[in-house]
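Please read the structure below before turning to the comments.
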Amino acid sequence: MTEDFSLQELSRLRADFPILGRVGRGGKPIAYLDFSATSQKPVQVIDAISNFYRTSNGAVHRGTHLLGDESTAAFEEGRAILADFIGGRANEIIWTKNATEAINLVALAMRNATQDSGAKPSPVKLQAGDNIVITRAEHHANLVPWQQLCAATGTELRWLDLHEDGRIDCETLGVIDEHTRLVAFTHVSNVTGAVSPVESIVSRARQCGSLVLLDTCQSSAHMPVNVRELGVDFAVFSSHKMLGPTGIGALWGRRELLSQLPPVLTGGSMIEDVTMESSTFMPAPERFEAGSQPIAQIVGWSAALQYLSGIGMARIAEHERILTSYMLEGISGIDGVRVLGPGADKERIGVVAFAVDGVHPHDVGQVLDSLDIAVRVGHHCAIPLHHFFGVRSSTRASVGPTTTREEIDRFIEALGQVRSYFGGK
Ligand code: PLP
């Protein structure tokens with residue numbers, strides 16, 4: 001079933017989110033249109049975290065008592081739940097604190113592999129003349145770590161360029177060549193909402209013998225994501241964008257690649273044996289999980305994934321597709337508002353950044369907030385992409401599974417007032 005949610009279903013769903021009852025500064029319920037920055041949490045997630053601390057809290061993989069055993073079971077069950085959600089295997093999931101850390105983990109492990117003169121040649125060890133390819137549409141989280149890796153190893157950083165509306169231009173796929181070791185790109189842009197042409201990029205990368213890393217931060221809560229079907233080697237996930245808590249994310253990687261990545265953080269819980277002179281390390285995933293782990297966050301994220309699966313990702317995608325078209329149509333009727341991204345006829349989701357003629361995004365955001373509409377303003381951690389569009393910052397409205405037409409109506413009406421509020425036409 002992929003039809004839009006019924007009104008009844010939507011109101012049942014909204015009743016699961018206590019925060020949606022919050023009234024804003026203007027005295028109305030807050031219309032939350034900031035899902036791209038972070039999602040709100042259903043009571044099932046909040047209760048799972050609270051119940052964990054009330055009933056089962058213990059350290060994982062360290063001891064024999066009942067509470068420790070229950071915590072360990074929940075911790076490992078979480079891996080299986082995420083693996084199932086994304087089409088991977090449990091032993092391919094590495095817990096990180098967010099998606100940013102997951103990307104840094106790969107970049108830093110590649111740096112360690114490259115700088116270890118004794119390490120055997122492997123797909124993650126860079127050689128002179130190699131390059132890494134990203135796109136001009138990346139969040140800084142998938143740009144700066146590669147700049148740092150390239151600077152440290154003397155590797156060239158290249159990027160795919162964009163169409164005028166911010167979609168990745170496949171005519172520029174030629175920058176991926178036989179010296180490309182990794183292509184790292186976002187599944188969906190956090191500014192334009194454009195869905196990347198994964199199949200074309202993966203196919204070009206494969207022809208050239210390159211690995212592929214996919215940043216799913218803006219896709220995994222809004223559409224089905226299956227890492228094996230997408231054909232990538234690594235993918236990163238962020239719980240707080242997926243109805244789960246902050247403080248937890250994950251790296252998924254193909255097993256045979258994870259086993260070739262050297263550790264990044266070292267210390268307790270990741271060793272096989274330790275002498276005063278040296279240590280040996282556990283296999284993945286434990287090799288990458290030094291120190292105490294965020295168990296309650298994993299429990300909360302697991303509840304969020306089960307909640308999303310209960311609704312069905314294809315249905316969420318369809319609900320949001322309809323709302324996105326509705327929002328874009330509403331914006332197109334307002335003079336002086338330019339959408340930074342493709343129209344509804346292109347493959348895109350409900351992340352809609354825009355510039356209002358003559359009004360600074362912070363002012364736009366403040367007017368909307370005074371009318372109890374929550375949007376994001378700023379550069380959204382994508383400065384190069386904003387420069388591409390010839391602006392320094394923008395306002396961004398983004399939808400989620402709980403978004404209603406009524407919330408979008410309120411947003412469009414308020415946006416219509418913004419220019420006149422600041423003395424424009
Ligand atoms: N990549 C994209 C496309 C994002 O939108 C974000 C967050 O906004 C990130 C990466 C960073 O995610 P995290 O907050 O989990 O580090």
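Naming works like this for the structure tokens: A, B, ... for the chains as they're shown, residue 1 at the start of each chain, ligands 1 onward in shown order.
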Can you tell me, as a ChimeraX atom specification, which residues in range 369-406 of chain A count as helix (DSSP H, G or I) by DSSP? /A:369-370,383-388,405-406
With N, CA, C and O atoms retained, could you export that selection as an mmCIF file, in the first residue's frame?
data_model
loop_
_atom_site.group_PDB
_atom_site.id
_atom_site.type_symbol
_atom_site.label_atom_id
_atom_site.label_comp_id
_atom_site.auth_asym_id
_atom_site.auth_seq_id
_atom_site.Cartn_x
_atom_site.Cartn_y
_atom_site.Cartn_z
ATOM 1 N N ASP A 369 8.651 31.998 13.151
ATOM 2 C CA ASP A 369 8.605 31.547 14.551
ATOM 3 C C ASP A 369 7.541 32.306 15.335
ATOM 4 O O ASP A 369 6.850 31.732 16.185
ATOM 5 N N SER A 370 7.391 33.600 15.024
ATOM 6 C CA SER A 370 6.381 34.382 15.763
ATOM 7 C C SER A 370 4.977 33.858 15.441
ATOM 8 O O SER A 370 4.042 34.081 16.197
ATOM 9 N N ILE A 383 28.062 25.288 2.907
ATOM 10 C CA ILE A 383 28.463 26.615 2.400
ATOM 11 C C ILE A 383 28.761 26.559 0.893
ATOM 12 O O ILE A 383 28.256 27.389 0.141
ATOM 13 N N PRO A 384 29.564 25.579 0.415
ATOM 14 C CA PRO A 384 29.833 25.576 -1.034
ATOM 15 C C PRO A 384 28.565 25.483 -1.877
ATOM 16 O O PRO A 384 28.469 26.102 -2.940
ATOM 17 N N LEU A 385 27.575 24.747 -1.413
ATOM 18 C CA LEU A 385 26.336 24.616 -2.181
ATOM 19 C C LEU A 385 25.581 25.952 -2.200
ATOM 20 O O LEU A 385 25.006 26.341 -3.229
ATOM 21 N N HIS A 386 25.601 26.664 -1.079
ATOM 22 C CA HIS A 386 24.955 27.982 -1.069
ATOM 23 C C HIS A 386 25.683 28.943 -2.018
ATOM 24 O O HIS A 386 25.043 29.702 -2.741
ATOM 25 N N HIS A 387 27.010 28.885 -2.020
ATOM 26 C CA HIS A 387 27.768 29.734 -2.962
ATOM 27 C C HIS A 387 27.383 29.404 -4.395
ATOM 28 O O HIS A 387 27.261 30.285 -5.240
ATOM 29 N N PHE A 388 27.205 28.117 -4.668
ATOM 30 C CA PHE A 388 26.797 27.681 -6.016
ATOM 31 C C PHE A 388 25.504 28.385 -6.428
ATOM 32 O O PHE A 388 25.336 28.784 -7.582
ATOM 33 N N ARG A 405 -1.280 18.818 5.845
ATOM 34 C CA ARG A 405 -1.551 19.890 4.877
ATOM 35 C C ARG A 405 -1.826 21.194 5.599
ATOM 36 O O ARG A 405 -1.477 22.269 5.140
ATOM 37 N N GLU A 406 -2.492 21.088 6.738
ATOM 38 C CA GLU A 406 -2.834 22.289 7.496
ATOM 39 C C GLU A 406 -1.552 23.010 7.949
ATOM 40 O O GLU A 406 -1.474 24.243 7.886
#
Would you name the residues within 9 Å of ligand 1, counting only C-alpha atoms and all ligand atoms, and put them as number ranges by chain? A: 36-38, 97-103, 137-142, 185-191, 215-219, 236-241, 246-250, 380-382
Closest of A:Pro285, A:Gly21, A:Gly350, A:Gly390 to Leu323 in chain A, counting only C-alpha atoms, is A:Gly350
So which one's closest to Leu305 in chain A, A:Glu413, A:Glu256, A:Asp16, A:Asp84? Using only C-alpha atoms, please. A:Asp84
DSSP strand (DSSP E or B) residues within range 86-250 of chain A, as a compact mmCIF listing (two decimals) with all heavy atoms, in the first residue's frame:
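Final file, part-v8.txt:
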# COMPACT_ATOMS: atom_id res chain seq x y z
N ILE A 93 27.41 -3.68 11.21
CA ILE A 93 26.98 -2.41 11.81
C ILE A 93 27.97 -1.99 12.89
O ILE A 93 28.22 -2.74 13.83
CB ILE A 93 25.59 -2.56 12.48
CG1 ILE A 93 24.53 -3.04 11.48
CG2 ILE A 93 25.18 -1.27 13.20
CD1 ILE A 93 24.10 -2.03 10.47
N ILE A 94 28.49 -0.78 12.76
CA ILE A 94 29.38 -0.22 13.80
C ILE A 94 28.67 0.98 14.42
O ILE A 94 28.24 1.89 13.70
CB ILE A 94 30.71 0.23 13.17
CG1 ILE A 94 31.46 -0.99 12.63
CG2 ILE A 94 31.56 0.99 14.18
CD1 ILE A 94 32.56 -0.63 11.68
N TRP A 95 28.55 0.98 15.74
CA TRP A 95 27.91 2.13 16.41
C TRP A 95 28.87 3.31 16.46
O TRP A 95 30.06 3.13 16.77
CB TRP A 95 27.50 1.75 17.84
CG TRP A 95 26.52 0.63 17.95
CD1 TRP A 95 26.70 -0.54 18.64
CD2 TRP A 95 25.21 0.55 17.38
NE1 TRP A 95 25.58 -1.33 18.52
CE2 TRP A 95 24.65 -0.68 17.76
CE3 TRP A 95 24.44 1.41 16.57
CZ2 TRP A 95 23.37 -1.09 17.37
CZ3 TRP A 95 23.17 1.00 16.19
CH2 TRP A 95 22.65 -0.22 16.59
N THR A 96 28.35 4.48 16.18
CA THR A 96 29.14 5.71 16.28
C THR A 96 28.25 6.73 17.00
O THR A 96 27.10 6.45 17.30
CB THR A 96 29.48 6.27 14.88
OG1 THR A 96 28.26 6.53 14.17
CG2 THR A 96 30.32 5.29 14.08
N ASN A 131 42.85 9.53 -6.24
CA ASN A 131 41.94 10.65 -5.92
C ASN A 131 40.70 10.14 -5.20
O ASN A 131 40.38 8.95 -5.26
CB ASN A 131 41.58 11.45 -7.19
CG ASN A 131 40.79 10.63 -8.18
OD1 ASN A 131 39.64 10.28 -7.91
ND2 ASN A 131 41.40 10.29 -9.33
N ILE A 132 40.05 11.07 -4.53
CA ILE A 132 38.77 10.80 -3.86
C ILE A 132 37.76 11.76 -4.46
O ILE A 132 38.08 12.93 -4.71
CB ILE A 132 38.90 10.99 -2.34
CG1 ILE A 132 39.66 9.79 -1.77
CG2 ILE A 132 37.54 11.15 -1.66
CD1 ILE A 132 39.97 9.84 -0.32
N VAL A 133 36.54 11.26 -4.72
CA VAL A 133 35.53 12.09 -5.38
C VAL A 133 34.34 12.29 -4.45
O VAL A 133 33.84 11.32 -3.85
CB VAL A 133 35.08 11.42 -6.71
CG1 VAL A 133 33.94 12.21 -7.34
CG2 VAL A 133 36.26 11.32 -7.68
N ILE A 134 33.91 13.55 -4.32
CA ILE A 134 32.68 13.87 -3.60
C ILE A 134 31.77 14.63 -4.58
O ILE A 134 31.94 14.49 -5.79
CB ILE A 134 32.97 14.68 -2.30
CG1 ILE A 134 33.76 15.94 -2.61
CG2 ILE A 134 33.72 13.81 -1.31
CD1 ILE A 134 33.91 16.88 -1.42
N THR A 135 30.80 15.42 -4.07
CA THR A 135 30.02 16.26 -4.98
C THR A 135 29.95 17.67 -4.38
O THR A 135 30.24 17.87 -3.20
CB THR A 135 28.56 15.75 -5.16
OG1 THR A 135 27.78 16.21 -4.05
CG2 THR A 135 28.48 14.24 -5.25
N GLU A 156 44.40 13.66 -4.26
CA GLU A 156 43.62 14.74 -4.91
C GLU A 156 42.14 14.60 -4.54
O GLU A 156 41.60 13.50 -4.56
CB GLU A 156 43.79 14.63 -6.43
CG GLU A 156 43.16 15.77 -7.18
CD GLU A 156 43.12 15.55 -8.70
OE1 GLU A 156 43.69 14.54 -9.18
OE2 GLU A 156 42.51 16.38 -9.38
N LEU A 157 41.50 15.73 -4.22
CA LEU A 157 40.05 15.73 -3.97
C LEU A 157 39.35 16.30 -5.20
O LEU A 157 39.67 17.40 -5.66
CB LEU A 157 39.72 16.57 -2.73
CG LEU A 157 38.24 16.55 -2.31
CD1 LEU A 157 37.82 15.16 -1.84
CD2 LEU A 157 37.98 17.57 -1.19
N ARG A 158 38.39 15.54 -5.73
CA ARG A 158 37.62 15.99 -6.90
C ARG A 158 36.15 15.99 -6.54
O ARG A 158 35.75 15.37 -5.57
CB ARG A 158 37.84 15.03 -8.07
CG ARG A 158 39.27 14.91 -8.51
CD ARG A 158 39.36 13.88 -9.63
NE ARG A 158 40.68 13.85 -10.21
CZ ARG A 158 41.04 13.10 -11.23
NH1 ARG A 158 40.15 12.26 -11.79
NH2 ARG A 158 42.25 13.13 -11.71
N TRP A 159 35.33 16.62 -7.38
CA TRP A 159 33.89 16.58 -7.11
C TRP A 159 33.07 16.57 -8.39
O TRP A 159 33.47 17.11 -9.41
CB TRP A 159 33.45 17.74 -6.20
CG TRP A 159 33.95 19.09 -6.59
CD1 TRP A 159 33.34 19.97 -7.41
CD2 TRP A 159 35.18 19.69 -6.17
NE1 TRP A 159 34.10 21.11 -7.51
CE2 TRP A 159 35.23 20.96 -6.76
CE3 TRP A 159 36.24 19.30 -5.33
CZ2 TRP A 159 36.30 21.84 -6.56
CZ3 TRP A 159 37.31 20.16 -5.14
CH2 TRP A 159 37.32 21.41 -5.75
N LEU A 160 31.90 15.92 -8.25
CA LEU A 160 30.90 15.95 -9.32
C LEU A 160 30.21 17.30 -9.23
O LEU A 160 30.00 17.82 -8.14
CB LEU A 160 29.86 14.84 -9.12
CG LEU A 160 30.41 13.41 -9.10
CD1 LEU A 160 29.30 12.42 -8.79
CD2 LEU A 160 31.05 13.08 -10.45
N LEU A 162 27.03 20.17 -10.60
CA LEU A 162 25.58 20.19 -10.46
C LEU A 162 24.89 20.86 -11.64
O LEU A 162 25.46 21.77 -12.26
CB LEU A 162 25.20 20.96 -9.18
CG LEU A 162 25.92 20.53 -7.90
CD1 LEU A 162 25.53 21.45 -6.74
CD2 LEU A 162 25.60 19.08 -7.55
N ILE A 168 22.73 16.55 -9.13
CA ILE A 168 24.06 16.14 -9.60
C ILE A 168 24.00 15.93 -11.11
O ILE A 168 23.08 15.29 -11.63
CB ILE A 168 24.51 14.85 -8.89
CG1 ILE A 168 24.76 15.16 -7.41
CG2 ILE A 168 25.76 14.26 -9.54
CD1 ILE A 168 24.99 13.96 -6.54
N THR A 180 40.55 6.71 -8.94
CA THR A 180 39.62 7.04 -7.84
C THR A 180 39.52 5.86 -6.89
O THR A 180 39.24 4.74 -7.30
CB THR A 180 38.21 7.37 -8.41
OG1 THR A 180 38.35 8.41 -9.37
CG2 THR A 180 37.27 7.82 -7.29
N ARG A 181 39.76 6.13 -5.60
CA ARG A 181 39.70 5.06 -4.59
C ARG A 181 38.36 5.03 -3.89
O ARG A 181 37.92 4.00 -3.42
CB ARG A 181 40.81 5.24 -3.53
CG ARG A 181 42.18 4.95 -3.99
CD ARG A 181 42.42 3.43 -4.24
NE ARG A 181 43.18 3.26 -5.44
CZ ARG A 181 42.69 2.90 -6.63
NH1 ARG A 181 41.42 2.62 -6.78
NH2 ARG A 181 43.46 2.80 -7.68
N LEU A 182 37.72 6.23 -3.78
CA LEU A 182 36.44 6.30 -3.06
C LEU A 182 35.60 7.41 -3.65
O LEU A 182 36.11 8.51 -3.92
CB LEU A 182 36.69 6.60 -1.57
CG LEU A 182 35.43 6.70 -0.72
CD1 LEU A 182 34.91 5.32 -0.36
CD2 LEU A 182 35.67 7.48 0.55
N VAL A 183 34.31 7.11 -3.85
CA VAL A 183 33.34 8.16 -4.19
C VAL A 183 32.39 8.25 -3.00
O VAL A 183 31.76 7.26 -2.63
CB VAL A 183 32.54 7.81 -5.47
CG1 VAL A 183 31.60 8.95 -5.83
CG2 VAL A 183 33.49 7.50 -6.63
N ALA A 184 32.35 9.44 -2.37
CA ALA A 184 31.50 9.62 -1.17
C ALA A 184 30.47 10.68 -1.50
O ALA A 184 30.82 11.81 -1.85
CB ALA A 184 32.36 10.06 0.01
N PHE A 185 29.19 10.33 -1.40
CA PHE A 185 28.17 11.32 -1.76
C PHE A 185 26.89 11.11 -0.97
O PHE A 185 26.64 10.05 -0.41
CB PHE A 185 27.88 11.29 -3.27
CG PHE A 185 27.24 10.01 -3.76
CD1 PHE A 185 25.88 9.96 -4.01
CD2 PHE A 185 27.98 8.86 -3.97
CE1 PHE A 185 25.27 8.79 -4.47
CE2 PHE A 185 27.39 7.69 -4.42
CZ PHE A 185 26.04 7.65 -4.67
N THR A 186 26.10 12.18 -0.96
CA THR A 186 24.86 12.15 -0.20
C THR A 186 23.74 11.52 -1.03
O THR A 186 23.65 11.76 -2.24
CB THR A 186 24.48 13.56 0.27
OG1 THR A 186 23.42 13.44 1.22
CG2 THR A 186 24.03 14.49 -0.84
N VAL A 188 20.52 12.11 -0.48
CA VAL A 188 19.59 13.23 -0.70
C VAL A 188 20.24 14.48 -0.12
O VAL A 188 20.77 14.45 1.00
CB VAL A 188 18.25 12.98 0.02
CG1 VAL A 188 17.39 14.23 0.03
CG2 VAL A 188 17.48 11.82 -0.61
N ALA A 194 17.15 17.08 -3.51
CA ALA A 194 17.30 16.23 -4.70
C ALA A 194 17.84 14.86 -4.32
O ALA A 194 18.76 14.75 -3.51
CB ALA A 194 18.25 16.90 -5.69
N VAL A 195 17.25 13.82 -4.91
CA VAL A 195 17.76 12.46 -4.71
C VAL A 195 18.89 12.24 -5.71
O VAL A 195 18.72 12.51 -6.92
CB VAL A 195 16.63 11.41 -4.93
CG1 VAL A 195 17.15 10.00 -4.74
CG2 VAL A 195 15.45 11.68 -3.99
N LEU A 211 35.66 2.34 -4.48
CA LEU A 211 34.67 2.10 -3.42
C LEU A 211 33.67 3.25 -3.41
O LEU A 211 33.96 4.34 -3.92
CB LEU A 211 35.36 2.03 -2.06
CG LEU A 211 36.40 0.92 -1.87
CD1 LEU A 211 37.08 1.07 -0.50
CD2 LEU A 211 35.74 -0.45 -1.99
N VAL A 212 32.51 2.99 -2.78
CA VAL A 212 31.46 4.02 -2.71
C VAL A 212 30.95 4.12 -1.27
O VAL A 212 30.64 3.10 -0.64
CB VAL A 212 30.27 3.65 -3.62
CG1 VAL A 212 29.16 4.71 -3.50
CG2 VAL A 212 30.71 3.52 -5.07
N LEU A 213 30.87 5.36 -0.77
CA LEU A 213 30.25 5.62 0.55
C LEU A 213 29.03 6.50 0.34
O LEU A 213 29.09 7.51 -0.36
CB LEU A 213 31.26 6.32 1.47
CG LEU A 213 30.75 6.67 2.88
CD1 LEU A 213 31.88 6.55 3.91
CD2 LEU A 213 30.13 8.06 2.96
N LEU A 214 27.90 6.10 0.96
CA LEU A 214 26.66 6.85 0.80
C LEU A 214 26.25 7.45 2.14
O LEU A 214 26.18 6.76 3.16
CB LEU A 214 25.56 5.89 0.32
CG LEU A 214 24.25 6.55 -0.12
CD1 LEU A 214 24.45 7.36 -1.40
CD2 LEU A 214 23.16 5.49 -0.34
N ASP A 215 25.95 8.76 2.11
CA ASP A 215 25.47 9.47 3.30
C ASP A 215 23.93 9.47 3.25
O ASP A 215 23.34 10.14 2.40
CB ASP A 215 26.03 10.90 3.26
CG ASP A 215 25.48 11.80 4.35
OD1 ASP A 215 24.59 11.36 5.10
OD2 ASP A 215 25.93 12.96 4.43
N PHE A 234 29.95 1.42 1.78
CA PHE A 234 29.75 1.96 3.13
C PHE A 234 28.52 2.85 3.08
O PHE A 234 28.24 3.48 2.05
CB PHE A 234 30.93 2.86 3.56
CG PHE A 234 32.26 2.18 3.63
CD1 PHE A 234 33.24 2.42 2.67
CD2 PHE A 234 32.56 1.31 4.67
CE1 PHE A 234 34.49 1.81 2.73
CE2 PHE A 234 33.81 0.69 4.75
CZ PHE A 234 34.77 0.94 3.78
N ALA A 235 27.80 2.91 4.21
CA ALA A 235 26.71 3.88 4.31
C ALA A 235 26.66 4.37 5.75
O ALA A 235 26.98 3.60 6.68
CB ALA A 235 25.37 3.24 3.93
N VAL A 236 26.29 5.64 5.93
CA VAL A 236 26.24 6.20 7.29
C VAL A 236 24.82 6.62 7.62
O VAL A 236 24.06 7.05 6.75
CB VAL A 236 27.22 7.39 7.46
CG1 VAL A 236 28.63 6.95 7.16
CG2 VAL A 236 26.81 8.59 6.62
N PHE A 237 24.48 6.47 8.91
CA PHE A 237 23.11 6.69 9.39
C PHE A 237 23.12 7.56 10.64
O PHE A 237 24.06 7.48 11.44
CB PHE A 237 22.45 5.34 9.72
CG PHE A 237 22.33 4.47 8.51
CD1 PHE A 237 23.38 3.63 8.12
CD2 PHE A 237 21.19 4.52 7.72
CE1 PHE A 237 23.29 2.86 6.98
CE2 PHE A 237 21.09 3.74 6.57
CZ PHE A 237 22.14 2.91 6.20
N SER A 238 22.04 8.31 10.81
CA SER A 238 21.93 9.21 11.95
C SER A 238 20.60 8.98 12.65
O SER A 238 19.54 9.25 12.08
CB SER A 238 22.01 10.65 11.42
OG SER A 238 21.87 11.55 12.48
N GLY A 249 24.66 6.97 16.05
CA GLY A 249 24.59 6.84 14.60
C GLY A 249 25.26 5.53 14.27
O GLY A 249 25.61 4.75 15.16
N ALA A 250 25.44 5.26 12.99
CA ALA A 250 26.08 3.99 12.62
C ALA A 250 26.79 4.10 11.29
O ALA A 250 26.42 4.90 10.42
CB ALA A 250 25.04 2.87 12.57
d(CA of Glu320 in chain A, CA of Phe85 in chain A) in Å: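 Value for the CA of Glu320 in chain A-CA of Phe85 in chain A distance: 19.3 Å.
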Separation of CA of Leu340 in chain A from CA of Ser39 in chain A, in Å and rounded to one decimal: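 Computed distance, CA of Leu340 in chain A to CA of Ser39 in chain A, equals 21.9 Å.
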Report as number ranges by chain all protein, DNA and RNA residues lying within 12 Å of Ile322 in chain A, evaluated on only C-alpha atoms, omitting residues in the same chain fewer than 6 positions from it. A: 2-5, 315-316, 328-329, 344-345, 348-350, 399-401, 403-405, 408
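Between Phe75 in chain A and the residues A:Ile295, A:Glu347, A:Ser325, A:Pro145, the shortest atom-to-atom distance, using only C-alpha atoms, involves A:Ile295.
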Just want the 9 Å neighbourhood of Met282 in chain A, counted on only C-alpha atoms, with same-chain residues fewer than 2 positions away dropped. Output as a ChimeraX atom specification. /A:269-273,280,284-288
Output of the above residues as a short mmCIF file (atom, residue, chain, number, x, y, z; two decimals), in the first residue's frame, restricted to all heavy atoms:
data_model
loop_
_atom_site.label_atom_id
_atom_site.label_comp_id
_atom_site.auth_asym_id
_atom_site.auth_seq_id
_atom_site.Cartn_x
_atom_site.Cartn_y
_atom_site.Cartn_z
N SER A 269 37.55 -2.63 25.43
CA SER A 269 36.44 -3.27 24.70
C SER A 269 36.74 -3.55 23.23
O SER A 269 35.85 -4.05 22.54
CB SER A 269 35.15 -2.44 24.77
OG SER A 269 34.81 -2.19 26.09
N MET A 270 37.91 -3.17 22.72
CA MET A 270 38.18 -3.43 21.30
C MET A 270 39.43 -4.31 21.11
O MET A 270 39.85 -4.53 20.00
CB MET A 270 38.31 -2.11 20.51
CG MET A 270 39.27 -1.07 21.02
SD MET A 270 41.01 -1.41 20.66
CE MET A 270 41.06 -1.13 18.90
N ILE A 271 39.96 -4.84 22.22
CA ILE A 271 41.21 -5.61 22.12
C ILE A 271 40.96 -7.11 22.25
O ILE A 271 39.97 -7.54 22.83
CB ILE A 271 42.22 -5.18 23.22
CG1 ILE A 271 41.55 -5.21 24.61
CG2 ILE A 271 42.83 -3.85 22.92
CD1 ILE A 271 41.51 -6.47 25.30
N GLU A 272 41.88 -7.88 21.66
CA GLU A 272 41.88 -9.33 21.89
C GLU A 272 42.79 -9.63 23.06
O GLU A 272 42.46 -10.34 23.98
CB GLU A 272 42.40 -10.05 20.64
CG GLU A 272 41.32 -10.61 19.78
CD GLU A 272 41.87 -11.05 18.42
OE1 GLU A 272 43.10 -10.99 18.20
OE2 GLU A 272 41.04 -11.44 17.60
N ASP A 273 44.02 -9.03 22.99
CA ASP A 273 44.98 -9.25 24.07
C ASP A 273 45.88 -8.02 24.18
O ASP A 273 46.09 -7.30 23.19
CB ASP A 273 45.83 -10.50 23.77
CG ASP A 273 46.47 -11.05 25.03
OD1 ASP A 273 46.17 -10.51 26.13
OD2 ASP A 273 47.27 -11.99 24.93
N THR A 280 46.62 -6.67 20.46
CA THR A 280 45.95 -7.16 19.25
C THR A 280 44.46 -6.81 19.37
O THR A 280 43.94 -6.67 20.47
CB THR A 280 46.13 -8.68 19.07
OG1 THR A 280 45.68 -9.32 20.26
CG2 THR A 280 47.57 -9.03 18.78
N ALA A 284 35.96 -6.56 13.38
CA ALA A 284 34.84 -5.63 13.31
C ALA A 284 33.59 -6.40 13.73
O ALA A 284 33.53 -7.61 13.48
CB ALA A 284 34.68 -5.10 11.89
N PRO A 285 32.58 -5.80 14.33
CA PRO A 285 32.48 -4.37 14.60
C PRO A 285 33.18 -3.91 15.88
O PRO A 285 33.49 -2.72 16.02
CB PRO A 285 30.96 -4.16 14.74
CG PRO A 285 30.42 -5.48 15.19
CD PRO A 285 31.32 -6.52 14.60
N GLU A 286 33.49 -4.85 16.81
CA GLU A 286 34.01 -4.42 18.12
C GLU A 286 35.30 -3.61 17.98
O GLU A 286 35.58 -2.72 18.79
CB GLU A 286 34.27 -5.64 19.03
CG GLU A 286 33.00 -6.31 19.56
CD GLU A 286 32.39 -7.28 18.57
OE1 GLU A 286 32.99 -7.48 17.47
OE2 GLU A 286 31.31 -7.82 18.85
N ARG A 287 36.10 -3.92 16.94
CA ARG A 287 37.38 -3.22 16.77
C ARG A 287 37.20 -1.70 16.71
O ARG A 287 38.11 -0.93 17.00
CB ARG A 287 38.04 -3.72 15.48
CG ARG A 287 39.32 -3.00 15.11
CD ARG A 287 40.30 -3.91 14.47
NE ARG A 287 39.62 -4.85 13.60
CZ ARG A 287 39.59 -4.77 12.28
NH1 ARG A 287 40.18 -3.76 11.67
NH2 ARG A 287 38.99 -5.69 11.57
N PHE A 288 36.00 -1.27 16.28
CA PHE A 288 35.76 0.17 16.10
C PHE A 288 34.92 0.76 17.24
O PHE A 288 34.46 1.89 17.14
CB PHE A 288 35.06 0.41 14.76
CG PHE A 288 35.87 -0.10 13.61
CD1 PHE A 288 35.54 -1.28 12.98
CD2 PHE A 288 36.99 0.60 13.18
CE1 PHE A 288 36.31 -1.77 11.93
CE2 PHE A 288 37.76 0.12 12.13
CZ PHE A 288 37.42 -1.06 11.50
#
Please report the interatomic distance between CA of Asp177 in chain A and CA of Lys120 in chain A in Å with one decimal. 23.1 Å
Could you give me, as JSON, numbers by chain, the residues within 9 Å of Val375 in chain A, counting only C-alpha atoms and dropping anything in the same chain fewer than 2 positions from it? {"A": [31, 32, 33, 34, 35, 365, 368, 369, 373, 377, 395, 396, 397, 398]}
